[in-house]
file final23.txt (compact mmCIF, C-alpha atoms and all ligand atoms)
# COMPACT_ATOMS: atom_id res chain seq x y z
CA MET S 184 116.24 107.32 93.04
CA VAL S 185 115.12 106.52 96.54
CA LYS S 186 115.73 103.32 98.49
CA ALA S 187 114.20 102.67 101.88
CA ILE S 188 115.67 100.35 104.48
CA VAL S 189 113.06 99.31 106.97
CA GLY S 190 112.29 96.56 109.46
CA ALA S 191 109.92 93.67 108.79
CA ASN S 192 109.44 92.84 112.46
CA TRP S 193 109.76 94.30 115.96
CA GLY S 194 112.89 96.36 115.34
CA ASP S 195 116.56 95.43 115.91
CA GLU S 196 116.59 93.45 112.68
CA GLY S 197 120.08 94.73 111.83
CA LYS S 198 119.00 97.73 109.74
CA GLY S 199 122.01 99.72 110.96
CA LYS S 200 124.45 97.35 109.32
CA ILE S 201 122.53 97.18 106.04
CA THR S 202 122.09 100.95 105.96
CA ASP S 203 125.76 101.47 106.69
CA LEU S 204 126.63 99.13 103.84
CA LEU S 205 124.26 100.68 101.30
CA ALA S 206 125.06 104.21 102.47
CA GLU S 207 128.45 103.78 100.85
CA ARG S 208 126.76 104.14 97.44
CA SER S 209 124.29 106.90 98.43
CA ASP S 210 124.41 110.67 98.29
CA LEU S 211 121.85 111.37 101.01
CA VAL S 212 120.82 109.34 104.05
CA ILE S 213 117.63 110.45 105.76
CA ARG S 214 116.01 109.60 109.08
CA TYR S 215 112.29 110.26 108.70
CA GLN S 216 110.53 109.02 111.85
CA GLY S 217 111.02 108.13 115.49
CA GLY S 218 113.49 109.61 117.91
CA ALA S 219 116.33 108.59 120.17
CA ASN S 220 114.29 105.73 121.64
CA ALA S 221 115.92 103.01 119.54
CA GLY S 222 119.37 102.57 118.16
CA HIS S 223 121.21 101.18 115.20
CA THR S 224 124.43 99.34 115.85
CA ILE S 225 127.19 100.13 113.39
CA ILE S 226 130.61 98.53 113.50
CA ASN S 227 133.26 100.08 111.26
CA ASP S 228 136.91 101.13 111.24
CA TYR S 229 136.22 103.89 113.80
CA GLY S 230 134.70 101.46 116.32
CA ARG S 231 131.28 100.25 117.48
CA PHE S 232 128.54 102.85 117.61
CA ALA S 233 124.91 102.93 118.68
CA LEU S 234 123.30 105.72 116.66
CA HIS S 235 119.95 106.96 117.91
CA THR S 236 119.20 110.20 116.09
CA LEU S 237 121.97 110.65 113.57
CA PRO S 238 121.52 108.98 110.18
CA SER S 239 123.87 106.09 109.44
CA GLY S 240 125.70 108.02 106.71
CA VAL S 241 127.62 110.12 109.22
CA PHE S 242 130.75 108.03 108.80
CA TYR S 243 131.13 108.97 105.14
CA SER S 244 132.34 112.38 104.05
CA HIS S 245 130.54 112.18 100.66
CA ILE S 246 127.09 111.81 102.24
CA THR S 247 124.63 114.49 103.28
CA ASN S 248 122.75 113.26 106.31
CA ILE S 249 119.28 114.60 106.96
CA ILE S 250 117.18 114.56 110.09
CA GLY S 251 113.77 114.81 108.46
CA ASN S 252 110.70 116.68 109.60
CA GLY S 253 109.09 113.44 110.82
CA VAL S 254 111.75 112.84 113.48
CA ALA S 255 111.32 113.65 117.18
CA LEU S 256 114.41 115.79 117.72
CA ASP S 257 115.93 115.78 121.19
CA ILE S 258 118.72 118.36 120.87
CA ARG S 259 120.50 117.21 124.00
CA LYS S 260 120.69 113.61 122.80
CA LEU S 261 121.84 114.81 119.38
CA THR S 262 124.64 116.81 121.02
CA GLN S 263 125.81 113.73 122.91
CA GLU S 264 125.89 111.72 119.70
CA LEU S 265 127.87 114.35 117.83
CA GLN S 266 130.32 114.41 120.74
CA MET S 267 130.61 110.60 120.60
CA LEU S 268 131.71 110.88 116.97
CA ILE S 269 134.27 113.58 117.78
CA ASP S 270 135.66 111.45 120.64
CA ALA S 271 136.07 108.50 118.27
CA GLY S 272 137.94 110.62 115.72
CA VAL S 273 135.17 110.58 113.09
CA PRO S 274 135.40 113.67 110.81
CA ALA S 275 132.57 116.21 111.32
CA PRO S 276 129.53 114.87 109.43
CA ASN S 277 127.53 116.73 106.78
CA LEU S 278 124.24 117.16 108.55
CA ILE S 279 121.04 119.05 107.80
CA ILE S 280 118.20 119.26 110.31
CA ALA S 281 114.73 119.92 108.88
CA GLN S 282 113.49 123.33 109.92
CA ARG S 283 110.03 121.76 110.19
CA ALA S 284 111.13 118.95 112.53
CA GLN S 285 109.58 119.21 115.97
CA LEU S 286 111.38 119.28 119.29
CA LEU S 287 111.26 116.58 121.87
CA LEU S 288 111.37 118.56 125.10
CA PRO S 289 112.17 117.65 128.71
CA TYR S 290 108.48 117.70 129.61
CA HIS S 291 107.83 114.92 127.09
CA VAL S 292 110.34 112.73 128.91
CA LEU S 293 108.74 113.62 132.25
CA GLN S 294 105.26 112.84 130.96
CA ASP S 295 106.39 109.50 129.54
CA THR S 296 108.00 108.57 132.87
CA TYR S 297 105.00 109.69 134.97
CA GLU S 298 102.57 107.86 132.72
CA GLU S 299 104.47 104.56 132.74
CA ALA S 300 104.65 104.79 136.55
CA ARG S 301 100.90 105.49 136.73
CA LEU S 302 100.11 102.53 134.49
CA GLY S 303 102.23 100.16 136.63
CA GLY S 304 101.64 96.61 135.40
CA ARG S 305 99.66 97.88 132.40
CA ALA S 306 102.60 99.94 131.09
CA PHE S 307 103.53 99.81 127.39
CA GLY S 308 107.21 99.09 128.00
CA SER S 309 108.18 102.61 126.92
CA THR S 310 111.85 103.55 126.87
CA LYS S 311 110.68 106.73 128.63
CA SER S 312 112.32 108.91 125.99
CA GLY S 313 109.18 111.02 125.59
CA ILE S 314 108.22 109.68 122.16
CA ALA S 315 104.51 109.04 122.81
CA PRO S 316 103.86 112.46 124.43
CA PHE S 317 105.91 114.11 121.66
CA TYR S 318 103.80 112.65 118.83
CA SER S 319 100.58 113.21 120.81
CA ASP S 320 101.48 116.88 121.08
CA LYS S 321 102.29 117.05 117.38
CA TYR S 322 98.83 115.81 116.46
CA ALA S 323 97.24 117.95 119.18
CA LYS S 324 98.96 120.88 117.42
CA ILE S 325 100.92 122.01 120.47
CA GLY S 326 104.31 120.81 119.21
CA ILE S 327 107.23 123.18 118.71
CA GLN S 328 109.10 123.21 115.42
CA VAL S 329 112.83 123.79 114.99
CA CYS S 330 112.04 126.98 113.05
CA ASP S 331 110.18 128.35 116.10
CA LEU S 332 113.52 128.54 117.92
CA PHE S 333 114.50 131.38 115.60
CA HIS S 334 111.30 133.37 116.17
CA GLU S 335 111.42 134.23 119.84
CA ASP S 336 107.95 135.71 120.36
CA ARG S 337 106.36 132.76 118.65
CA LEU S 338 108.52 130.33 120.65
CA LYS S 339 107.49 131.90 123.94
CA GLN S 340 103.83 131.92 123.00
CA ARG S 341 103.90 128.30 121.75
CA LEU S 342 105.65 127.13 124.93
CA GLU S 343 103.15 128.88 127.15
CA GLN S 344 100.28 127.40 125.19
CA ALA S 345 101.68 123.87 125.47
CA LEU S 346 102.48 124.19 129.16
CA GLU S 347 99.00 125.49 130.00
CA VAL S 348 97.68 122.02 129.23
CA LYS S 349 100.74 120.05 130.31
CA ASN S 350 100.98 121.60 133.76
CA VAL S 351 97.35 120.84 134.62
CA LEU S 352 98.05 117.22 133.70
CA PHE S 353 101.29 117.10 135.67
CA GLN S 354 99.75 118.52 138.83
CA ALA S 355 96.27 117.02 138.79
CA LEU S 356 96.89 113.55 137.36
CA TYR S 357 100.49 112.83 138.32
CA HIS S 358 100.82 115.04 141.43
CA GLN S 359 104.09 116.43 140.12
CA PRO S 360 105.45 120.00 140.03
CA PRO S 361 104.64 122.22 137.04
CA VAL S 362 107.23 123.08 134.39
CA ASP S 363 108.39 126.69 134.27
CA ALA S 364 107.89 128.19 130.79
CA GLN S 365 110.47 130.95 131.21
CA GLU S 366 113.19 128.55 132.38
CA LEU S 367 112.56 126.23 129.46
CA TYR S 368 112.46 129.15 127.03
CA GLU S 369 115.94 130.24 128.15
CA GLU S 370 117.29 126.71 127.93
CA LEU S 371 115.95 126.41 124.39
CA LEU S 372 117.64 129.65 123.36
CA SER S 373 120.98 128.15 124.34
CA LEU S 374 120.23 124.77 122.75
CA ARG S 375 119.31 126.42 119.46
CA GLU S 376 122.90 127.62 119.14
CA VAL S 377 124.03 124.00 119.08
CA ILE S 378 121.86 123.19 116.06
CA ARG S 379 121.97 126.56 114.30
CA PRO S 380 124.75 125.52 111.86
CA TYR S 381 122.74 122.49 110.75
CA VAL S 382 119.19 123.80 110.32
CA GLY S 383 117.97 124.04 106.73
CA ASP S 384 115.21 123.65 104.19
CA THR S 385 115.40 119.91 103.73
CA VAL S 386 112.27 119.78 101.58
CA ALA S 387 113.84 121.93 98.85
CA TYR S 388 117.18 120.13 99.32
CA VAL S 389 115.67 116.68 98.81
CA HIS S 390 113.65 117.71 95.75
CA GLN S 391 116.69 119.35 94.19
CA ALA S 392 118.77 116.25 94.89
CA LEU S 393 116.18 114.11 93.10
CA LYS S 394 116.22 116.44 90.10
CA GLU S 395 119.98 115.99 89.97
CA GLY S 396 119.60 112.20 89.96
CA LYS S 397 121.12 111.69 93.39
CA THR S 398 120.64 108.46 95.33
CA ILE S 399 118.72 108.80 98.55
CA LEU S 400 118.53 106.27 101.34
CA LEU S 401 115.61 106.40 103.75
CA GLU S 402 116.54 104.89 107.07
CA GLY S 403 113.68 103.44 109.06
CA GLN S 404 113.65 102.91 112.79
CA LEU S 405 112.00 99.92 114.51
CA GLY S 406 109.86 97.64 112.33
CA ALA S 407 106.45 96.97 110.80
CA MET S 408 105.04 95.37 113.96
CA LYS S 409 105.62 98.64 115.79
CA ASP S 410 103.60 100.78 113.39
CA PRO S 411 100.76 102.54 115.22
CA ASP S 412 98.25 101.72 112.44
CA LEU S 413 99.26 98.34 111.08
CA GLY S 414 101.29 96.95 113.98
CA ILE S 415 100.56 95.20 117.28
CA VAL S 416 98.42 97.97 118.77
CA PRO S 417 98.82 99.19 121.51
CA MET S 418 102.35 97.77 121.94
CA THR S 419 103.64 99.92 119.11
CA THR S 420 105.75 103.00 118.89
CA SER S 421 104.13 106.38 118.20
CA SER S 422 105.49 107.17 114.75
CA HIS S 423 104.94 105.27 111.53
CA THR S 424 107.65 102.72 110.94
CA LEU S 425 106.68 102.01 107.34
CA ALA S 426 108.65 102.97 104.25
CA GLY S 427 105.59 104.84 102.95
CA PHE S 428 105.89 107.32 105.79
CA GLY S 429 109.14 108.50 104.25
CA CYS S 430 106.95 110.50 101.88
CA VAL S 431 105.72 112.51 104.84
CA GLY S 432 108.62 112.42 107.28
CA ALA S 433 111.25 113.22 104.65
CA ALA S 434 109.01 114.95 102.08
CA ILE S 435 109.91 112.35 99.43
CA PRO S 436 107.56 112.11 96.42
CA PRO S 437 105.57 108.84 96.75
CA THR S 438 106.47 107.92 93.19
CA ALA S 439 110.20 108.24 93.87
CA ILE S 440 110.65 105.25 96.21
CA GLU S 441 111.83 102.48 93.90
CA ASP S 442 113.33 100.02 96.27
CA VAL S 443 112.14 98.95 99.72
CA ILE S 444 114.65 96.70 101.43
CA CYS S 445 113.02 94.98 104.34
CA VAL S 446 115.44 93.71 106.96
CA THR S 447 114.66 90.62 109.00
CA LYS S 448 116.78 88.40 111.24
CA ALA S 449 117.21 84.70 110.67
CA TYR S 450 115.40 84.28 114.02
CA SER S 451 113.07 86.63 115.91
CA SER S 452 113.92 89.16 118.58
CA CYS S 453 111.76 91.66 120.31
CA VAL S 454 112.57 94.30 122.87
CA GLY S 455 109.72 95.67 124.89
CA SER S 456 107.43 94.65 127.67
CA GLN S 457 106.77 91.01 128.58
CA THR S 458 103.09 91.61 127.89
CA GLU S 459 103.76 92.22 124.21
CA PRO S 460 102.45 89.40 121.99
CA PHE S 461 105.42 87.45 120.60
CA VAL S 462 104.04 84.23 119.20
CA SER S 463 107.22 82.36 118.23
CA GLU S 464 109.06 83.11 121.49
CA LEU S 465 111.68 80.68 122.70
CA LEU S 466 111.77 80.48 126.50
CA GLY S 467 113.93 78.69 129.06
CA PRO S 468 117.55 77.61 128.54
CA GLU S 469 117.12 77.34 124.75
CA GLY S 470 116.00 80.96 124.64
CA ASP S 471 118.86 82.00 126.94
CA GLU S 472 121.36 80.34 124.63
CA LEU S 473 120.01 82.05 121.50
CA ARG S 474 119.96 85.40 123.34
CA ARG S 475 123.56 84.91 124.41
CA ARG S 476 124.70 83.99 120.91
CA GLY S 477 122.56 86.53 119.03
CA GLY S 478 123.66 89.76 117.34
CA ASP S 479 127.25 90.84 117.86
CA LYS S 480 127.20 90.86 121.66
CA GLY S 481 124.09 88.94 122.57
CA GLU S 482 120.54 90.22 122.15
CA PHE S 483 120.43 93.30 124.36
CA GLY S 484 118.82 96.62 123.38
CA ALA S 485 121.18 99.08 121.63
CA THR S 486 119.61 102.01 123.52
CA THR S 487 118.36 100.48 126.75
CA GLY S 488 120.63 97.46 127.30
CA ARG S 489 117.44 95.52 128.09
CA PRO S 490 117.59 91.78 127.29
CA ARG S 491 115.59 91.13 124.13
CA ARG S 492 113.08 88.32 123.95
CA VAL S 493 114.09 85.84 121.27
CA GLY S 494 112.24 83.27 119.21
CA TRP S 495 112.17 81.26 116.02
CA PHE S 496 111.74 82.96 112.67
CA ASP S 497 108.07 83.89 112.24
CA THR S 498 106.94 83.71 108.63
CA VAL S 499 103.38 84.82 109.48
CA ALA S 500 104.56 88.09 111.01
CA THR S 501 107.35 88.58 108.47
CA ARG S 502 105.22 87.98 105.37
CA TYR S 503 102.74 90.53 106.76
CA GLY S 504 105.62 92.89 107.65
CA CYS S 505 107.00 92.68 104.11
CA MET S 506 103.54 93.27 102.68
CA VAL S 507 102.80 96.42 104.70
CA GLN S 508 106.30 97.71 103.99
CA SER S 509 105.78 96.98 100.25
CA ALA S 510 109.15 95.24 100.31
CA THR S 511 110.85 94.79 96.96
CA LYS S 512 113.53 92.64 98.55
CA VAL S 513 114.68 91.28 101.88
CA ALA S 514 118.02 91.42 103.68
CA LEU S 515 118.30 88.46 106.04
CA THR S 516 120.71 89.13 108.91
CA CYS S 517 122.36 87.04 111.61
CA LEU S 518 122.25 83.74 109.71
CA ASP S 519 125.63 82.94 111.29
CA VAL S 520 124.04 82.94 114.76
CA LEU S 521 122.09 79.72 114.05
CA GLY S 522 125.13 77.60 113.22
CA TYR S 523 125.11 75.83 116.61
CA LEU S 524 121.67 74.24 116.22
CA ASP S 525 120.98 70.61 115.20
CA GLU S 526 117.49 71.55 114.11
CA ILE S 527 115.88 74.91 113.48
CA LYS S 528 112.21 75.57 113.91
CA VAL S 529 110.30 78.09 111.81
CA CYS S 530 106.89 79.39 112.81
CA THR S 531 104.83 78.90 109.65
CA GLY S 532 101.31 79.31 111.00
CA TYR S 533 99.29 80.61 113.94
CA GLU S 534 96.56 78.57 115.53
CA VAL S 535 93.79 80.92 116.56
CA ASN S 536 90.62 79.48 118.10
CA GLY S 537 91.46 76.03 116.78
CA VAL S 538 92.04 77.22 113.21
CA VAL S 539 95.51 77.42 111.66
CA THR S 540 96.14 80.55 109.63
CA ARG S 541 99.04 82.00 107.65
CA ASP S 542 97.52 85.47 107.85
CA PHE S 543 98.68 87.81 110.59
CA PRO S 544 95.72 88.29 112.95
CA VAL S 545 94.37 91.58 114.29
CA PRO S 546 95.82 92.59 117.68
CA ALA S 547 92.63 91.54 119.51
CA LEU S 548 93.31 87.92 118.50
CA LEU S 549 97.08 87.91 118.81
CA ASP S 550 97.23 86.91 122.47
CA GLN S 551 95.37 83.70 121.67
CA ALA S 552 97.62 82.75 118.75
CA LYS S 553 99.76 79.64 119.23
CA PRO S 554 102.71 78.95 116.94
CA VAL S 555 102.68 76.11 114.44
CA PHE S 556 106.24 75.06 113.64
CA THR S 557 108.03 73.43 110.73
CA THR S 558 111.41 71.91 111.63
CA LEU S 559 114.42 72.18 109.32
CA PRO S 560 117.88 70.62 109.72
CA GLY S 561 120.69 72.86 110.97
CA TRP S 562 124.08 73.18 109.24
CA LYS S 563 126.21 72.78 112.35
CA CYS S 564 129.18 74.88 111.37
CA ASP S 565 130.51 78.39 111.59
CA ILE S 566 129.57 80.48 108.54
CA ARG S 567 130.62 83.80 109.99
CA GLY S 568 132.07 86.17 107.44
CA ILE S 569 131.20 84.13 104.33
CA THR S 570 130.70 86.56 101.44
CA GLU S 571 130.02 84.09 98.58
CA TYR S 572 126.45 82.83 98.78
CA ASP S 573 127.35 79.59 97.06
CA ALA S 574 129.98 78.87 99.69
CA LEU S 575 127.28 78.48 102.36
CA PRO S 576 126.45 74.94 103.48
CA ALA S 577 123.54 73.31 101.63
CA ASN S 578 121.31 73.29 104.73
CA ALA S 579 121.88 77.01 105.29
CA LYS S 580 120.87 77.72 101.69
CA ALA S 581 117.86 75.41 102.05
CA TYR S 582 116.84 77.38 105.16
CA VAL S 583 117.05 80.67 103.22
CA ASP S 584 115.09 79.16 100.28
CA PHE S 585 112.41 77.97 102.68
CA LEU S 586 112.05 81.39 104.32
CA GLU S 587 111.89 83.09 100.94
CA ARG S 588 109.04 80.84 99.78
CA GLU S 589 107.12 81.49 102.99
CA ILE S 590 107.54 85.27 103.12
CA GLU S 591 106.89 85.60 99.38
CA THR S 592 109.59 88.24 98.94
CA PRO S 593 113.00 87.72 97.32
CA ILE S 594 115.88 87.46 99.79
CA ALA S 595 118.61 89.43 98.06
CA LEU S 596 121.20 89.75 100.83
CA VAL S 597 122.28 87.32 103.52
CA SER S 598 124.33 88.75 106.35
CA THR S 599 126.85 86.42 107.98
CA GLY S 600 128.32 88.62 110.69
CA PRO S 601 128.02 92.05 112.29
CA LYS S 602 130.86 93.69 110.34
CA ARG S 603 130.12 95.79 107.27
CA HIS S 604 131.43 93.39 104.66
CA GLU S 605 130.29 90.14 106.29
CA ILE S 606 127.47 89.73 103.81
CA ALA S 607 126.65 87.66 100.72
CA ALA S 608 124.57 88.78 97.75
CA ARG S 609 122.10 86.06 96.81
CA LEU S 610 120.29 87.62 93.85
P1 LIG K 701 118.74 97.79 114.04
O1 LIG K 701 118.09 98.67 115.05
O2 LIG K 701 117.76 97.17 113.11
O3 LIG K 701 119.87 98.46 113.33
O4 LIG K 701 119.36 96.56 114.84
P2 LIG K 701 120.40 96.61 116.04
O5 LIG K 701 121.64 97.22 115.58
O6 LIG K 701 119.77 97.14 117.26
O7 LIG K 701 120.56 95.04 116.32
C1 LIG K 701 121.15 94.20 115.45
C2 LIG K 701 122.29 93.48 116.13
O8 LIG K 701 122.75 92.45 115.32
C3 LIG K 701 123.51 94.36 116.37
O9 LIG K 701 124.15 93.93 117.53
C4 LIG K 701 124.36 94.10 115.12
O10 LIG K 701 125.74 94.35 115.32
C5 LIG K 701 124.10 92.64 114.92
N1 LIG K 701 124.18 92.14 113.57
C6 LIG K 701 123.72 92.69 112.40
N2 LIG K 701 123.89 91.83 111.37
C7 LIG K 701 124.47 90.71 111.90
C8 LIG K 701 124.85 89.46 111.37
O11 LIG K 701 124.68 89.15 110.19
N3 LIG K 701 125.38 88.56 112.24
C9 LIG K 701 125.55 88.81 113.56
N4 LIG K 701 126.08 87.87 114.34
N5 LIG K 701 125.19 89.98 114.10
C10 LIG K 701 124.65 90.91 113.29

call {"tool": "encode", "arguments": {"input": "final23.txt", "output": "structure tokens", "more": "lines below"}}
Ligand code: GDP
result
Amino acid sequence: MVKAIVGANWGDEGKGKITDLLAERSDLVIRYQGGANAGHTIINDYGRFALHTLPSGVFYSHITNIIGNGVALDIRKLTQELQMLIDAGVPAPNLIIAQRAQLLLPYHVLQDTYEEARLGGRAFGSTKSGIAPFYSDKYAKIGIQVCDLFHEDRLKQRLEQALEVKNVLFQALYHQPPVDAQELYEELLSLREVIRPYVGDTVAYVHQALKEGKTILLEGQLGAMKDPDLGIVPMTTSSHTLAGFGCVGAAIPPTAIEDVICVTKAYSSCVGSQTEPFVSELLGPEGDELRRRGGDKGEFGATTGRPRRVGWFDTVATRYGCMVQSATKVALTCLDVLGYLDEIKVCTGYEVNGVVTRDFPVPALLDQAKPVFTTLPGWKCDIRGITEYDALPANAKAYVDFLEREIETPIALVSTGPKRHEIAARL
């Protein structure tokens, strides 16, 4: 059976912790989209880790971790992450890299950087990890697959073909030096040795595992709002962040995904450019306080360290996020963070052109949306680490009940702290 853990919102919902927890009972953990541009924070007995490319099952020796064909694989970043595990004393993980995954290459990072600089104030808030150029190249059919590394003539020819286009762009549009195909070819030959022990036929592996009744966990990166089709276009990422994309990016049969656990925080947070629409944003000193108290070390990006924008829980965006993810249940994280508040606001509607709606508007209308709030009483105490749902204060439970009614999806798990076992089952 297959479970997917995905984000209902803008990313950083706390998926890493939930994945780490549920990985314990899984046989395979698979990353199926995105690249090293976002990170999951995992806190366990080995320490605190920000994983960017490696699946969250790498801390367990019984788990096979797969980097699926839908991932943007940056071998250098992967090497750094593997080294980070070695340095922390984590036993070597069981890892398989899809032979059909494509490579994120240095020229993707360059292109991302040049393009953001060219756009100036109109930039998309990219992490400049090369993700957008990588996926553009994939769909333009000039991407390079992991398997190409082991077929040298093909590799050389594919690189030359890609660079023919890329170098015209670099020189003419960005006024930057061209990339040397031969130099890159040689670098790739040495990088392939790093991944050689891990490369495999993940499609056959996954299908065999399903036949054997194994439990598979699909690990999503970012959240529904960042999906390039159904998200806040154009402030999205470049790969599909929806559970359904696991069928492509991990070659999972569509009928096999039984459970979609959508993760959402008890408040909103969003990393990205200031120009991104974020309707329930909390600004000023109140926002600063929530940012400081949020997450395990304040709300700062796991990959970039950038301060995240924070806001009240947004039921309009989250109900839509759960719908497009086809969530079967929700894991609500960071409830403990709100314990300092006398009153807690929840964004329960958007006013667009004088009309209040509960339906998430199209991106063209999002900038005009104003939040409509409902105010609930706070619980004014520290609930960190509570693992019995019934032991939560009545107002905290009422808050969870209220959110559940609004998002129309059962809230099955309530997380009360960043550590693995600081969580209460509700259903
Ligand atoms: P992800 O990308 O969805 O995995 O989210 P991140 O790991 O980037 O951000 C979530 C942050 O919240 C991290 O700092 C986690 O350690 C932290 N976190 C997760 N669950 C909880 C929780 O229930 N309470 C608190 N206080 N922090 C949490």

call {"tool": "residues_around", "arguments": {"input": "final23.txt", "residues": "Phe556 in chain S", "least_positions_apart": "3", "cutoff": "10 Å", "atoms": "only C-alpha atoms", "output": "PyMOL selection string"}}
result
chain S and resi 463+495-497+527-533+553+559

call {"tool": "axis_aligned_box", "arguments": {"input": "final23.txt", "around": "ligand LIG 701 (chain K)", "padding_each_side": "4 Å", "output": "JSON"}}
result
{"center_x": 121.9, "center_y": 93.3, "center_z": 113.9, "size_x": 16.3, "size_y": 18.8, "size_z": 15.3}

call {"tool": "residues_near_ligand", "arguments": {"input": "final23.txt", "ligand": "ligand LIG 701 (chain K)", "cutoff": "9 Å", "atoms": "all atoms listed in the file", "output": "JSON, numbers by chain"}}
result
{"S": [189, 190, 193, 194, 195, 196, 197, 198, 199, 200, 201, 202, 221, 222, 223, 224, 225, 226, 231, 233, 234, 235, 403, 404, 405, 406, 446, 447, 448, 449, 476, 477, 478, 479, 480, 481, 482, 483, 484, 485, 486, 515, 516, 517, 518, 519, 520, 567, 568, 597, 598, 599, 600, 601, 602, 603, 605, 606]}

call {"tool": "residues_around", "arguments": {"input": "final23.txt", "residues": "Leu596 in chain S", "least_positions_apart": "3", "cutoff": "6 Å", "atoms": "only C-alpha atoms", "output": "ChimeraX atom specification"}}
result
/S:514,607-609

call {"tool": "closest_residue", "arguments": {"input": "final23.txt", "among": "S:Ala206, S:Ala255, S:Val443, S:Leu374", "to": "Asn220 in chain S", "atoms": "only C-alpha atoms"}}
result
S:Ala255

call {"tool": "residues_around", "arguments": {"input": "final23.txt", "residues": "Gln328 in chain S", "least_positions_apart": "6", "cutoff": "10 Å", "atoms": "all atoms listed in the file", "output": "MDAnalysis selection string"}}
result
chainID S and resid 252 255:256 281:287 321 338 341

call {"tool": "write_last_selection", "arguments": {"input": "final23.txt", "atoms": "C-alpha atoms", "output": "PDB file, keeping the file's coordinate frame"}}
result
ATOM      1  CA  ASN S 252     110.700 116.680 109.600  1.00  0.00           C
ATOM      2  CA  ALA S 255     111.320 113.650 117.180  1.00  0.00           C
ATOM      3  CA  LEU S 256     114.410 115.790 117.720  1.00  0.00           C
ATOM      4  CA  ALA S 281     114.730 119.920 108.880  1.00  0.00           C
ATOM      5  CA  GLN S 282     113.490 123.330 109.920  1.00  0.00           C
ATOM      6  CA  ARG S 283     110.030 121.760 110.190  1.00  0.00           C
ATOM      7  CA  ALA S 284     111.130 118.950 112.530  1.00  0.00           C
ATOM      8  CA  GLN S 285     109.580 119.210 115.970  1.00  0.00           C
ATOM      9  CA  LEU S 286     111.380 119.280 119.290  1.00  0.00           C
ATOM     10  CA  LEU S 287     111.260 116.580 121.870  1.00  0.00           C
ATOM     11  CA  LYS S 321     102.290 117.050 117.380  1.00  0.00           C
ATOM     12  CA  LEU S 338     108.520 130.330 120.650  1.00  0.00           C
ATOM     13  CA  ARG S 341     103.900 128.300 121.750  1.00  0.00           C
TER      14      ARG S 341
END

call {"tool": "atom_distance", "arguments": {"input": "final23.txt", "atom1": "CA of Gln359 in chain S", "atom2": "CA of Val416 in chain S"}}
result
28.8 Å

call {"tool": "closest_residue", "arguments": {"input": "final23.txt", "among": "S:Gly561, S:Gly504, S:Pro593, S:Pro289", "to": "Val362 in chain S", "atoms": "all atoms listed in the file"}}
result
S:Pro289

call {"tool": "closest_residue", "arguments": {"input": "final23.txt", "among": "S:Gln551, S:Asp363, S:Leu473, S:Cys430", "to": "Asn536 in chain S", "atoms": "only C-alpha atoms"}}
result
S:Gln551

call {"tool": "residues_near_point", "arguments": {"input": "final23.txt", "point": "(113.9, 100.7, 99.8)", "cutoff": "6 Å", "atoms": "all atoms listed in the file", "output": "list in words"}}
result
Lys186, Ala187, Ile188, Asp442, Val443 and Ile444 of chain S

call {"tool": "write_last_selection", "arguments": {"input": "final23.txt", "atoms": "C-alpha atoms", "output": "PDB file, keeping the file's coordinate frame"}}
result
ATOM      1  CA  LYS S 186     115.730 103.320  98.490  1.00  0.00           C
ATOM      2  CA  ALA S 187     114.200 102.670 101.880  1.00  0.00           C
ATOM      3  CA  ILE S 188     115.670 100.350 104.480  1.00  0.00           C
ATOM      4  CA  ASP S 442     113.330 100.020  96.270  1.00  0.00           C
ATOM      5  CA  VAL S 443     112.140  98.950  99.720  1.00  0.00           C
ATOM      6  CA  ILE S 444     114.650  96.700 101.430  1.00  0.00           C
TER       7      ILE S 444
END

call {"tool": "residues_around", "arguments": {"input": "final23.txt", "residues": "Gly240 in chain S", "least_positions_apart": "3", "cutoff": "8 Å", "atoms": "all atoms listed in the file", "output": "list in words"}}
result
Thr202, Asp203, Ala206, Glu207, Leu211, Val212, Tyr243, Ile246, Thr247 and Asn248 of chain S

call {"tool": "residues_around", "arguments": {"input": "final23.txt", "residues": "Thr398 in chain S", "least_positions_apart": "2", "cutoff": "8 Å", "atoms": "only C-alpha atoms", "output": "mmCIF file with C-alpha atoms, keeping the file's coordinate frame"}}
result
data_model
loop_
_atom_site.group_PDB
_atom_site.id
_atom_site.type_symbol
_atom_site.label_atom_id
_atom_site.label_comp_id
_atom_site.auth_asym_id
_atom_site.auth_seq_id
_atom_site.Cartn_x
_atom_site.Cartn_y
_atom_site.Cartn_z
ATOM 1 C CA MET S 184 116.240 107.320 93.040
ATOM 2 C CA VAL S 185 115.120 106.520 96.540
ATOM 3 C CA LYS S 186 115.730 103.320 98.490
ATOM 4 C CA ARG S 208 126.760 104.140 97.440
ATOM 5 C CA SER S 209 124.290 106.900 98.430
ATOM 6 C CA ASP S 210 124.410 110.670 98.290
ATOM 7 C CA LEU S 211 121.850 111.370 101.010
ATOM 8 C CA LEU S 393 116.180 114.110 93.100
ATOM 9 C CA GLY S 396 119.600 112.200 89.960
ATOM 10 C CA LEU S 400 118.530 106.270 101.340
#

call {"tool": "atom_distance", "arguments": {"input": "final23.txt", "atom1": "CA of Arg379 in chain S", "atom2": "CA of Asp331 in chain S"}}
result
12.1 Å

call {"tool": "closest_atom_pairs", "arguments": {"input": "final23.txt", "of": "range 319-418 of chain S", "to": "range 263-268 of chain S", "cutoff": "12 Å", "atoms": "all atoms listed in the file", "output": "tab-separated table"}}
result
residue	atom	partner	partner_atom	distance
S:Val377	CA	S:Leu265	CA	10.5
S:Ile378	CA	S:Leu265	CA	10.8
S:Tyr381	CA	S:Leu265	CA	11.9
